[in-house]
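**Q** Here you go, one structure.
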Amino acid sequence: MNKIYCTLLSILLSFSVLAQPKTYSSVMVDSSFGNCSFSDFAMRISEKKGFYVLYRADWVKNVQIPTIGKEMPIDDLLTRILSEKGLHYIYFQDNIVVMPGRQVGGASSVLNTVIIGDPLDEGKYRKAVVSGFVLDGKTESPISGAQIICEEQAKATSTDKTGRFSLELKTGRAHLAFHYMGLNSETADILLFSDGEMSIDLFEESINIDQINVLAERPADNYQSTSMGMTKINSREIKKLSVLMGEPDLIKSMIMLPGVQSVGENASGLNVRGGNADQNLILVQEAPIFNTSHLFGLFSMLDANIIDDVTFYKSGIPARYGGRTSSVMSIDLKKKMPSKFRVEGGLGLVNSRLLMEIPVVKDKLSVSLGGRTTYSDWMMGLVNDYDLKNSSAYFYDLNGKIDYKINKRQRITLFGYNSYDYFNYSGNAKYGYGNSLLSLKWQHVLSDNLSGVFNVNGSRYQSDLTDYSEQMNEYDLKSAIGQGQASYNMMYSGFSNHKLNAGLSAIIYNTEPGSAKPSNNESVFLEKDMDNENALEIAFSAEDEISISPKLSALAGFRYSHFLLFGPAKVRSYLTGSVLDASSVVDEKIFERGDVVSSYQGLEPRLSFKYEMGNSSSFKIGYNRMNQYVRQISNTASITPADYWKTCDSFIKPLISDQFAAGFFKNFRNDKYETSVEVYYKNLQNEVDFKNGAIIIMNDAIEQSLIYGRGRAYGAEFMVKKSMGRLSGWLSYTYSRSFKQMNGVHPEEQINNGKWYKSNYDKPHDFSAVLNYKISRRFTFSSNFIYSTGRPATFPEMKYQIGSTEVVYFSDRNKYRLPDYHRLDVAITYEGGLRKVQKWRSNWVFSIYNLYGRHNPFSVYYSRQQPSRFNNYNIYALYKFSIIGVPIPSFTYNFWF
Amino acid sequence: MFRKNRYAVLIIISLLALVSSCEDYYVPNIDEKESFLVVQGMLTDKEEYVEIMLFRTAPFGKSSYLGIERGAKVTIKSNGGKDYATEEFDGGVYRTIEKVKAQKNIGYYLEIKTIDGETYASENEFLEASPAIKTIELLENEKKDIVVEYDGTQRSEIERGLQFSIAPEPVEIENVGCLYLWEALSNYLVVAEYDTLIYGNQLAMTHYYYCWRHKASSTFVTYNLINSNTLNDPPMFDINFCPYKLFNPSPLDTSQYGTRILSAMVSSGYYRARQYTMQKDHIKFWENVYKQSEAKGKLFDPVDAQIVGNVRCTSDSLKLALGYFQVAGYSEKTVGFLIPNYKLDSIFVVDEFPETPINQTFVRDMKPYFWK
């Protein structure tokens, strides 16, 4: 019996369980249970009452059950006889467990208690570690980012990507709260004896119109998280974001956050805290993606339905990430394994999408397949513009995922993605670009406190452009970048006040800066090819999240990266002290395949502190350094198919960013309202810009067109969010500036005489408002408004004549600005089925993008042409080109079953 | 009520869609600037009258015409102790009263006093060592080019022609560049006859028309000489490709010749390259002018560049002045060639580019000296 008890006890106590106890106050015992030893009593109970009384023989050897005259509740009997012997009991998984010592607290607290560790260890340890998993109660899939809080001990932690957590607490009783956005919170009283595990299931909230949350993280994260400049949005929030063009849009929602700005109307990319669009690392399942938009920014490249959560860092970037200086956006795909065949889709006027989730082996192996396409040509027909009427555009994307849960501690995910965008502008030009991704991720738990993630992935972005505008000069321009990566990250949470994270990664870059050739036999365009580049970046990172005191915590880490550019390559050398141009070339060195052409290395430290100030508020301060070894060479501010990626080389040094940030975070009315103010200052080394008169595209001596200098950016970000209730949303305002200085020795190496000048993405004022209003159970209204100062531009100021040529005098670089950008979008969602048990669910979304038809400029360009009344009789004229200068209505039927 | 509003919204959207367009002529709100002085002049080591041209800038985007600067006082100053006065030769064109030849090691600059009382000066410029043109090479070549038909349609075809290249003499100088201009003279023979009545007999008279035609560069070519003190093997610069059609006599103005043209064929040609050697900075100025003149608002356009120059307003430092007064070493070379039947037959060296009779394009029945 002792053996049985021990076995049962060890099984019950060693594995993670959440007590859902019954009480046996109504269970009566009569004389047949009396006048016997405790072991006999326990045996009779199990035989007659159907539950166990578990005990350890040496505890109860002196316990004798007295004669029971009158039927009595078992509770009363046990309480009386055990307390006399210095014992007590608890209910545990429908059984009664005899415990040593006196009962702490009232009887009710015992009833809901989870025992962690071995009760025999009582009093042996002052502290012990509770670890375990937080799972989705519906699917048993792990939840990352769930909060576990022990308020009375001022301790908190969150689950990692595998859903695992670890928290050191004082032994004895403790109350834990488990939170996750969009799921019902749970609490558990625990009785902690020694290190042990528990798991908890969180279940979906029922639909309640009073609790529509659009917030990124849990409201309390705003001030509780050590990270600053970080926003996390999970799949539930993504679906509640403004539904434009029939589906929630991740990138557009990010633009609404303070410090994040759109590059321009219908332009791909983001400007984060005064950084260029190429300074953002966007990862899908750890694989980088180089263009995040379809149809020049009208749609995000990923269907929101396949996303589990998105974490976006503007500062306080974790040490495991690197390679870009402005921001990191990590997109994780659905971890939830489907329990049944599931289809989700949308049919719209502009685009359609379909996603299928197939459980091949329940809770073991699942497959999902999805895709989107558009038929947006009709949209062009709306525009009263000959060229756009004769234009066409489409895109498609396909994605597939295989999830295999090897066991409870190991999981493998294989993800593939392919997309292509096509835009034919009035037969004058054809643009195309595509992303391809393949990612394999292996998550595993090595021990109670140690887990790891291995990832190997490949990504390729290619773009092509065909210029048909002059038949005799038609050309086809292609460029591409490929990146392969292998990384391994480990998380350790075995120390009481530390959470450690360390990793290794190796990235292979392969850039194809360009090839241009005539696109028809008639064309006189001269074929040209630029040399490909092959490079390797290896990095090691380590980070520790330290709880210094209940109020003060810190995040300290570093990333060390080493970059190597390999041959084959031709490297020109120039006269010392001379401007780099064709005339100062003195030699050309040939590097063979595998030769190291150039190498760079750098230590990237990260440090941030959080100090909790009183109730619901905290002050955070942080510093991080980031190195960037690849850049996008572009003569526009936005990402276009004409741009190409280039690695650092003998002339182009890594971009180094040092960012200092501080913020004050305060929540009001039980986290109903969140507010934050963040300020930052960024210093950039090895900034590049183009010389006056430089030729950028297909220039295989690009170093002759570049000049090198420094940059700085600073700003203040303000945000007010309302997270709950019928009306939710946020208002954000950012004041930010971004400057460069190119002050070389020679006049050719200077811009604006070496003075600081506005960078292409200096947009001081940025305001955005996101509004969601639940009109009724069926109708939801959502709206976005965005305003930002126009981006800087260089315009001709005067015209004059040199010889027989009329030329223009350009202003200082970026002296002027494009017109301000503003846009209002609205959407109404009608929910179809509201019954909780309904197989086919659906909603209708009607949205209007750019409600008042603002002609936000995509670009302003000048061209030389015959003087006419249309250009005020000027040889040179400026034109503003807006891709979507009209309201775009969209009607979409979304369904899932 | 809701239904009514919904229709109203749809109608408004449709109307907005119809009135919108996406490419607009754009006039940015540019700072109002006064009209600035633009200077253009070049002094070379070839003794000649030097012309300085003065213009005025006009605001961009306004339909104002480019002005010229009249009534200014323009002087070429030198630190060799001699100044060269000018007089207004034509509207905005100032020509030295005497011939001027730039000397080595003497600095030259321009001094201008405009009618509004402002004074301007260029930077002191020196004559750089000027390598002579060592050779002009011409080779038969082919190039794909665009042909514009009479009806305006375009097609491309591979054209044969002559590729002209230049090699300067070896030099031992640094930081200089060359600006090239070229001109060509093609000679062609037109044989025509006409009927005449002599003593009652209708006779056909045949005449030989020795014709010529000039072509010149509409733009210029710039080259940087390689910086080296031991430039023993100077590079060969491709100046331009002249397709044979450039020498083609067609279309003929038949009114000038006899009633029946029996034949018209190209015979020979001359090609003169003018080389201006100047500091590399000055070459940049011309490079930027060239690039801007070639810009089409397309992807391969260069980054917008300010083209400033070396002239400053000395009476008001805030006032901008544009343009260049340059001192350049001048060198020219002419080569002659026979191209009967549009095939390069032979090349011959000539001392000078032929001077053709003024206001004439042919001589009848008498071969001019330059006609081969």
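Residues in the structure tokens are named by chain (A, B, ... in the order shown) and by number from 1 within that chain; ligands are numbered from 1 in the order shown.
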Env of Tyr404 (chain A): 9 Å cut, atoms = only C-alpha atoms, seq-sep filter 3 positions within chain, self excluded. Answer as a PDB file with all heavy atoms, in the first residue's frame.
**A**
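Output file result_22.pdb follows:
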```pdb
ATOM      1  N   ASP A 363      -3.512  16.292 -33.018  1.00  0.00           N
ATOM      2  CA  ASP A 363      -2.542  16.784 -32.035  1.00  0.00           C
ATOM      3  C   ASP A 363      -1.121  16.290 -32.289  1.00  0.00           C
ATOM      4  O   ASP A 363      -0.270  16.319 -31.404  1.00  0.00           O
ATOM      5  CB  ASP A 363      -2.958  16.397 -30.616  1.00  0.00           C
ATOM      6  CG  ASP A 363      -4.193  17.150 -30.191  1.00  0.00           C
ATOM      7  OD1 ASP A 363      -4.456  18.209 -30.774  1.00  0.00           O
ATOM      8  OD2 ASP A 363      -4.907  16.661 -29.304  1.00  0.00           O
ATOM      9  N   LYS A 364      -0.874  15.800 -33.472  1.00  0.00           N
ATOM     10  CA  LYS A 364       0.454  15.266 -33.770  1.00  0.00           C
ATOM     11  C   LYS A 364       0.989  15.881 -35.073  1.00  0.00           C
ATOM     12  O   LYS A 364       2.104  16.393 -35.098  1.00  0.00           O
ATOM     13  CB  LYS A 364       0.341  13.739 -33.935  1.00  0.00           C
ATOM     14  CG  LYS A 364       1.631  13.004 -33.943  1.00  0.00           C
ATOM     15  CD  LYS A 364       2.138  12.753 -32.537  1.00  0.00           C
ATOM     16  CE  LYS A 364       3.440  11.981 -32.537  1.00  0.00           C
ATOM     17  NZ  LYS A 364       4.101  12.057 -31.239  1.00  0.00           N
ATOM     18  N   LEU A 365       0.176  15.822 -36.075  1.00  0.00           N
ATOM     19  CA  LEU A 365       0.621  16.286 -37.386  1.00  0.00           C
ATOM     20  C   LEU A 365      -0.514  17.048 -38.067  1.00  0.00           C
ATOM     21  O   LEU A 365      -1.637  16.549 -38.165  1.00  0.00           O
ATOM     22  CB  LEU A 365       1.023  15.082 -38.238  1.00  0.00           C
ATOM     23  CG  LEU A 365       1.459  15.374 -39.682  1.00  0.00           C
ATOM     24  CD1 LEU A 365       2.743  16.182 -39.710  1.00  0.00           C
ATOM     25  CD2 LEU A 365       1.652  14.077 -40.454  1.00  0.00           C
ATOM     26  N   SER A 366      -0.187  18.246 -38.487  1.00  0.00           N
ATOM     27  CA  SER A 366      -1.210  19.022 -39.193  1.00  0.00           C
ATOM     28  C   SER A 366      -0.578  19.730 -40.381  1.00  0.00           C
ATOM     29  O   SER A 366       0.626  19.984 -40.419  1.00  0.00           O
ATOM     30  CB  SER A 366      -1.853  20.036 -38.251  1.00  0.00           C
ATOM     31  OG  SER A 366      -0.935  21.040 -37.932  1.00  0.00           O
ATOM     32  N   VAL A 367      -1.414  20.032 -41.327  1.00  0.00           N
ATOM     33  CA  VAL A 367      -0.963  20.721 -42.547  1.00  0.00           C
ATOM     34  C   VAL A 367      -1.902  21.890 -42.777  1.00  0.00           C
ATOM     35  O   VAL A 367      -3.116  21.779 -42.567  1.00  0.00           O
ATOM     36  CB  VAL A 367      -1.028  19.753 -43.753  1.00  0.00           C
ATOM     37  CG1 VAL A 367      -0.694  20.479 -45.044  1.00  0.00           C
ATOM     38  CG2 VAL A 367      -0.081  18.582 -43.559  1.00  0.00           C
ATOM     39  N   ASN A 407       6.743  15.106 -29.604  1.00  0.00           N
ATOM     40  CA  ASN A 407       6.202  14.744 -28.290  1.00  0.00           C
ATOM     41  C   ASN A 407       5.890  16.055 -27.577  1.00  0.00           C
ATOM     42  O   ASN A 407       5.933  17.120 -28.187  1.00  0.00           O
ATOM     43  CB  ASN A 407       7.177  13.856 -27.509  1.00  0.00           C
ATOM     44  CG  ASN A 407       8.562  14.495 -27.414  1.00  0.00           C
ATOM     45  OD1 ASN A 407       8.663  15.708 -27.226  1.00  0.00           O
ATOM     46  ND2 ASN A 407       9.598  13.698 -27.584  1.00  0.00           N
ATOM     47  N   GLN A 410       8.856  18.435 -27.934  1.00  0.00           N
ATOM     48  CA  GLN A 410       9.501  18.739 -29.217  1.00  0.00           C
ATOM     49  C   GLN A 410       8.472  18.967 -30.308  1.00  0.00           C
ATOM     50  O   GLN A 410       7.479  18.237 -30.389  1.00  0.00           O
ATOM     51  CB  GLN A 410      10.402  17.577 -29.643  1.00  0.00           C
ATOM     52  CG  GLN A 410      11.606  17.401 -28.776  1.00  0.00           C
ATOM     53  CD  GLN A 410      12.539  16.386 -29.372  1.00  0.00           C
ATOM     54  OE1 GLN A 410      13.257  16.695 -30.308  1.00  0.00           O
ATOM     55  NE2 GLN A 410      12.504  15.181 -28.857  1.00  0.00           N
ATOM     56  N   ARG A 411       8.783  19.923 -31.147  1.00  0.00           N
ATOM     57  CA  ARG A 411       7.857  20.253 -32.222  1.00  0.00           C
ATOM     58  C   ARG A 411       8.654  20.756 -33.424  1.00  0.00           C
ATOM     59  O   ARG A 411       9.603  21.525 -33.272  1.00  0.00           O
ATOM     60  CB  ARG A 411       6.921  21.349 -31.718  1.00  0.00           C
ATOM     61  CG  ARG A 411       5.876  21.778 -32.696  1.00  0.00           C
ATOM     62  CD  ARG A 411       4.992  22.818 -32.029  1.00  0.00           C
ATOM     63  NE  ARG A 411       3.959  23.245 -32.941  1.00  0.00           N
ATOM     64  CZ  ARG A 411       2.710  23.486 -32.585  1.00  0.00           C
ATOM     65  NH1 ARG A 411       2.344  23.345 -31.337  1.00  0.00           N
ATOM     66  NH2 ARG A 411       1.838  23.890 -33.456  1.00  0.00           N
ATOM     67  N   ILE A 412       8.253  20.334 -34.593  1.00  0.00           N
ATOM     68  CA  ILE A 412       8.924  20.792 -35.819  1.00  0.00           C
ATOM     69  C   ILE A 412       7.892  21.471 -36.707  1.00  0.00           C
ATOM     70  O   ILE A 412       6.779  20.959 -36.874  1.00  0.00           O
ATOM     71  CB  ILE A 412       9.576  19.605 -36.571  1.00  0.00           C
ATOM     72  CG1 ILE A 412      10.793  19.105 -35.797  1.00  0.00           C
ATOM     73  CG2 ILE A 412       9.986  20.004 -37.978  1.00  0.00           C
ATOM     74  CD1 ILE A 412      11.484  17.930 -36.433  1.00  0.00           C
ATOM     75  N   THR A 413       8.269  22.616 -37.258  1.00  0.00           N
ATOM     76  CA  THR A 413       7.371  23.340 -38.153  1.00  0.00           C
ATOM     77  C   THR A 413       8.110  23.664 -39.446  1.00  0.00           C
ATOM     78  O   THR A 413       9.205  24.222 -39.408  1.00  0.00           O
ATOM     79  CB  THR A 413       6.892  24.658 -37.507  1.00  0.00           C
ATOM     80  OG1 THR A 413       6.404  24.375 -36.204  1.00  0.00           O
ATOM     81  CG2 THR A 413       5.801  25.314 -38.326  1.00  0.00           C
ATOM     82  N   LEU A 414       7.506  23.294 -40.539  1.00  0.00           N
ATOM     83  CA  LEU A 414       8.068  23.626 -41.855  1.00  0.00           C
ATOM     84  C   LEU A 414       7.103  24.578 -42.536  1.00  0.00           C
ATOM     85  O   LEU A 414       5.898  24.306 -42.629  1.00  0.00           O
ATOM     86  CB  LEU A 414       8.227  22.355 -42.684  1.00  0.00           C
ATOM     87  CG  LEU A 414       8.754  22.547 -44.106  1.00  0.00           C
ATOM     88  CD1 LEU A 414      10.211  22.993 -44.086  1.00  0.00           C
ATOM     89  CD2 LEU A 414       8.625  21.258 -44.906  1.00  0.00           C
TER      90      LEU A 414
END
```
**Q** So which residues touch Asn310 (chain B) within 8 Å, counting only C-alpha atoms, skipping near sequence neighbours fewer than 2 positions away, as a list in words?
**A**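 Listing them by chain and then by number gives Ser122, Glu123, Val308, Arg312, Leu322, Gly323, Tyr324 and Phe325 of chain B.
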**Q** Measuring atom to atom with only C-alpha atoms, identify which of B:Leu110, B:Ala305, B:Leu197, B:Val190 is nearest to Asn752 (chain A).
**A**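 For Asn752 (chain A), the nearest of the candidates is B:Ala305.
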**Q** Using DSSP on the backbone coordinates, identify the residues of region 100-349 of chain B assigned to strand (DSSP E); present them as a ChimeraX atom specification.
**A** /B:107-113,119-122,125-126,133-148,154-168,171-173,176-198,201-216,221-224,228-231,237-243,260-279,311-313,321-338,346-349
**Q** Give me, as a ChimeraX atom specification, all polymer residues having an atom no more than 8 Å from region 265-279 of chain B, counting only C-alpha atoms and skipping those fewer than 2 positions away in the same chain.
**A** /B:44,127-131,133,175-190,247-249,263,281-283,326-342,353-354,371-372
**Q** Which distance in Å separates CA of Ile30 (chain B) and CA of Pro59 (chain B), to one decimal?
**A**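 Between CA of Ile30 (chain B) and CA of Pro59 (chain B) the gap works out to 9.0 Å.
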**Q** If we count only C-alpha atoms, what is near Phe164 (chain B) at a cut-off of 10 Å, once residues fewer than 6 positions away on the same chain are taken out, given as a VMD selection string?
**A** chain B and resid 136 to 141 182 236 to 242 271 273
**Q** To one decimal in Å, tell me the separation between CA of Glu527 (chain A) and CA of Val289 (chain B).
**A**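 For CA of Glu527 (chain A) relative to CA of Val289 (chain B), the distance reads 25.6 Å.
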**Q** Near Leu354 (chain A), counting only C-alpha atoms, which residues have an atom at most 8 Å away, once you skip same-chain residues fewer than 2 positions from it, shown as a PDB file with all heavy atoms, in the first residue's frame?
**A**
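Produced file result29.pdb, reproduced below:
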```pdb
ATOM      1  N   VAL A 343     -11.696  25.518 -42.634  1.00  0.00           N
ATOM      2  CA  VAL A 343     -11.503  26.363 -43.822  1.00  0.00           C
ATOM      3  C   VAL A 343     -11.851  27.792 -43.445  1.00  0.00           C
ATOM      4  O   VAL A 343     -12.818  28.053 -42.744  1.00  0.00           O
ATOM      5  CB  VAL A 343     -12.407  25.895 -44.981  1.00  0.00           C
ATOM      6  CG1 VAL A 343     -12.297  26.859 -46.166  1.00  0.00           C
ATOM      7  CG2 VAL A 343     -12.029  24.504 -45.424  1.00  0.00           C
ATOM      8  N   GLU A 344     -11.029  28.692 -43.912  1.00  0.00           N
ATOM      9  CA  GLU A 344     -11.252  30.105 -43.652  1.00  0.00           C
ATOM     10  C   GLU A 344     -11.024  30.835 -44.977  1.00  0.00           C
ATOM     11  O   GLU A 344     -10.046  30.533 -45.668  1.00  0.00           O
ATOM     12  CB  GLU A 344     -10.238  30.577 -42.615  1.00  0.00           C
ATOM     13  CG  GLU A 344     -10.693  31.749 -41.822  1.00  0.00           C
ATOM     14  CD  GLU A 344      -9.836  31.929 -40.549  1.00  0.00           C
ATOM     15  OE1 GLU A 344      -9.266  30.938 -40.062  1.00  0.00           O
ATOM     16  OE2 GLU A 344      -9.763  33.050 -40.099  1.00  0.00           O
ATOM     17  N   GLY A 345     -11.896  31.735 -45.315  1.00  0.00           N
ATOM     18  CA  GLY A 345     -11.697  32.399 -46.595  1.00  0.00           C
ATOM     19  C   GLY A 345     -12.410  33.727 -46.677  1.00  0.00           C
ATOM     20  O   GLY A 345     -13.139  34.130 -45.767  1.00  0.00           O
ATOM     21  N   GLY A 346     -12.195  34.383 -47.774  1.00  0.00           N
ATOM     22  CA  GLY A 346     -12.839  35.668 -48.009  1.00  0.00           C
ATOM     23  C   GLY A 346     -12.992  35.886 -49.499  1.00  0.00           C
ATOM     24  O   GLY A 346     -12.078  35.587 -50.279  1.00  0.00           O
ATOM     25  N   SER A 352      -9.385  37.781 -53.095  1.00  0.00           N
ATOM     26  CA  SER A 352      -9.975  36.639 -52.406  1.00  0.00           C
ATOM     27  C   SER A 352      -8.877  35.836 -51.750  1.00  0.00           C
ATOM     28  O   SER A 352      -7.715  35.898 -52.174  1.00  0.00           O
ATOM     29  CB  SER A 352     -10.717  35.742 -53.387  1.00  0.00           C
ATOM     30  OG  SER A 352     -11.894  36.360 -53.786  1.00  0.00           O
ATOM     31  N   MET A 356      -6.811  26.517 -45.603  1.00  0.00           N
ATOM     32  CA  MET A 356      -7.312  25.219 -45.130  1.00  0.00           C
ATOM     33  C   MET A 356      -6.366  24.681 -44.081  1.00  0.00           C
ATOM     34  O   MET A 356      -5.147  24.704 -44.269  1.00  0.00           O
ATOM     35  CB  MET A 356      -7.372  24.226 -46.289  1.00  0.00           C
ATOM     36  CG  MET A 356      -8.503  24.487 -47.241  1.00  0.00           C
ATOM     37  SD  MET A 356      -8.578  23.200 -48.473  1.00  0.00           S
ATOM     38  CE  MET A 356      -7.060  23.435 -49.337  1.00  0.00           C
ATOM     39  N   GLY A 370      -2.705  27.763 -47.886  1.00  0.00           N
ATOM     40  CA  GLY A 370      -3.488  28.968 -48.098  1.00  0.00           C
ATOM     41  C   GLY A 370      -3.001  29.746 -49.289  1.00  0.00           C
ATOM     42  O   GLY A 370      -1.902  29.519 -49.809  1.00  0.00           O
ATOM     43  N   GLY A 371      -3.804  30.681 -49.706  1.00  0.00           N
ATOM     44  CA  GLY A 371      -3.400  31.524 -50.821  1.00  0.00           C
ATOM     45  C   GLY A 371      -4.314  32.717 -50.970  1.00  0.00           C
ATOM     46  O   GLY A 371      -5.437  32.730 -50.451  1.00  0.00           O
ATOM     47  N   ARG A 372      -3.806  33.704 -51.638  1.00  0.00           N
ATOM     48  CA  ARG A 372      -4.602  34.902 -51.929  1.00  0.00           C
ATOM     49  C   ARG A 372      -4.309  35.333 -53.356  1.00  0.00           C
ATOM     50  O   ARG A 372      -3.226  35.107 -53.884  1.00  0.00           O
ATOM     51  CB  ARG A 372      -4.214  36.058 -51.005  1.00  0.00           C
ATOM     52  CG  ARG A 372      -4.646  35.866 -49.589  1.00  0.00           C
ATOM     53  CD  ARG A 372      -4.407  37.113 -48.785  1.00  0.00           C
ATOM     54  NE  ARG A 372      -3.003  37.484 -48.738  1.00  0.00           N
ATOM     55  CZ  ARG A 372      -2.555  38.625 -48.215  1.00  0.00           C
ATOM     56  NH1 ARG A 372      -3.396  39.523 -47.749  1.00  0.00           N
ATOM     57  NH2 ARG A 372      -1.278  38.884 -48.176  1.00  0.00           N
TER      58      ARG A 372
END
```
**Q** Looking only at helix (DSSP H, G or I) from DSSP on the backbone, list the matching residues of region 104-335 of chain B as a short mmCIF file (atom, residue, chain, number, x, y, z; two decimals) with C-alpha atoms, in the first residue's frame.
**A**
```
data_model
loop_
_atom_site.label_atom_id
_atom_site.label_comp_id
_atom_site.auth_asym_id
_atom_site.auth_seq_id
_atom_site.Cartn_x
_atom_site.Cartn_y
_atom_site.Cartn_z
CA TYR B 244 27.43 57.13 -92.81
CA LYS B 245 24.01 58.65 -93.15
CA LEU B 246 25.52 61.76 -91.61
CA PHE B 247 27.57 62.13 -94.78
CA THR B 254 16.79 69.68 -106.34
CA SER B 255 15.97 73.30 -107.00
CA GLN B 256 19.65 74.09 -106.68
CA LYS B 280 38.97 68.42 -63.15
CA ASP B 281 36.55 70.53 -61.07
CA HIS B 282 35.64 72.46 -64.17
CA ILE B 283 35.04 69.25 -66.04
CA LYS B 284 32.57 68.27 -63.33
CA PHE B 285 30.61 71.38 -64.17
CA TRP B 286 30.28 70.31 -67.78
CA GLU B 287 29.58 66.75 -66.80
CA ASN B 288 26.66 67.86 -64.68
CA VAL B 289 25.30 70.05 -67.47
CA TYR B 290 25.62 67.10 -69.80
CA LYS B 291 23.90 64.69 -67.44
CA GLN B 292 21.07 67.08 -66.79
CA SER B 293 20.53 67.70 -70.45
CA GLU B 294 20.28 63.97 -70.97
#
```
**Q** Could you tell me how far CA of Glu355 (chain B) sits from CA of Leu262 (chain B), in Å to one decimal place?
**A** 28.1 Å
**Q** Have a look at A:Met698, A:Ile148, A:Val60, A:Ile828 and name the one nearest to chain B; count only C-alpha atoms.
**A** A:Met698
**Q** Need to verify the contact set: Glu142 (chain B), 7 Å, only C-alpha atoms, exclusion of same-chain residues closer than 2 positions in sequence. Can you return it as number ranges by chain?
**A** B: 144, 158-161
**Q** In terms of the shortest atom-to-atom distance over only C-alpha atoms, which of A:Pro513, A:Gly594, A:Gly744, A:Pro518 is closest to chain B?
**A**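 Checking each of A:Pro513, A:Gly594, A:Gly744, A:Pro518 against chain B, counting only C-alpha atoms, the winner is A:Pro518.
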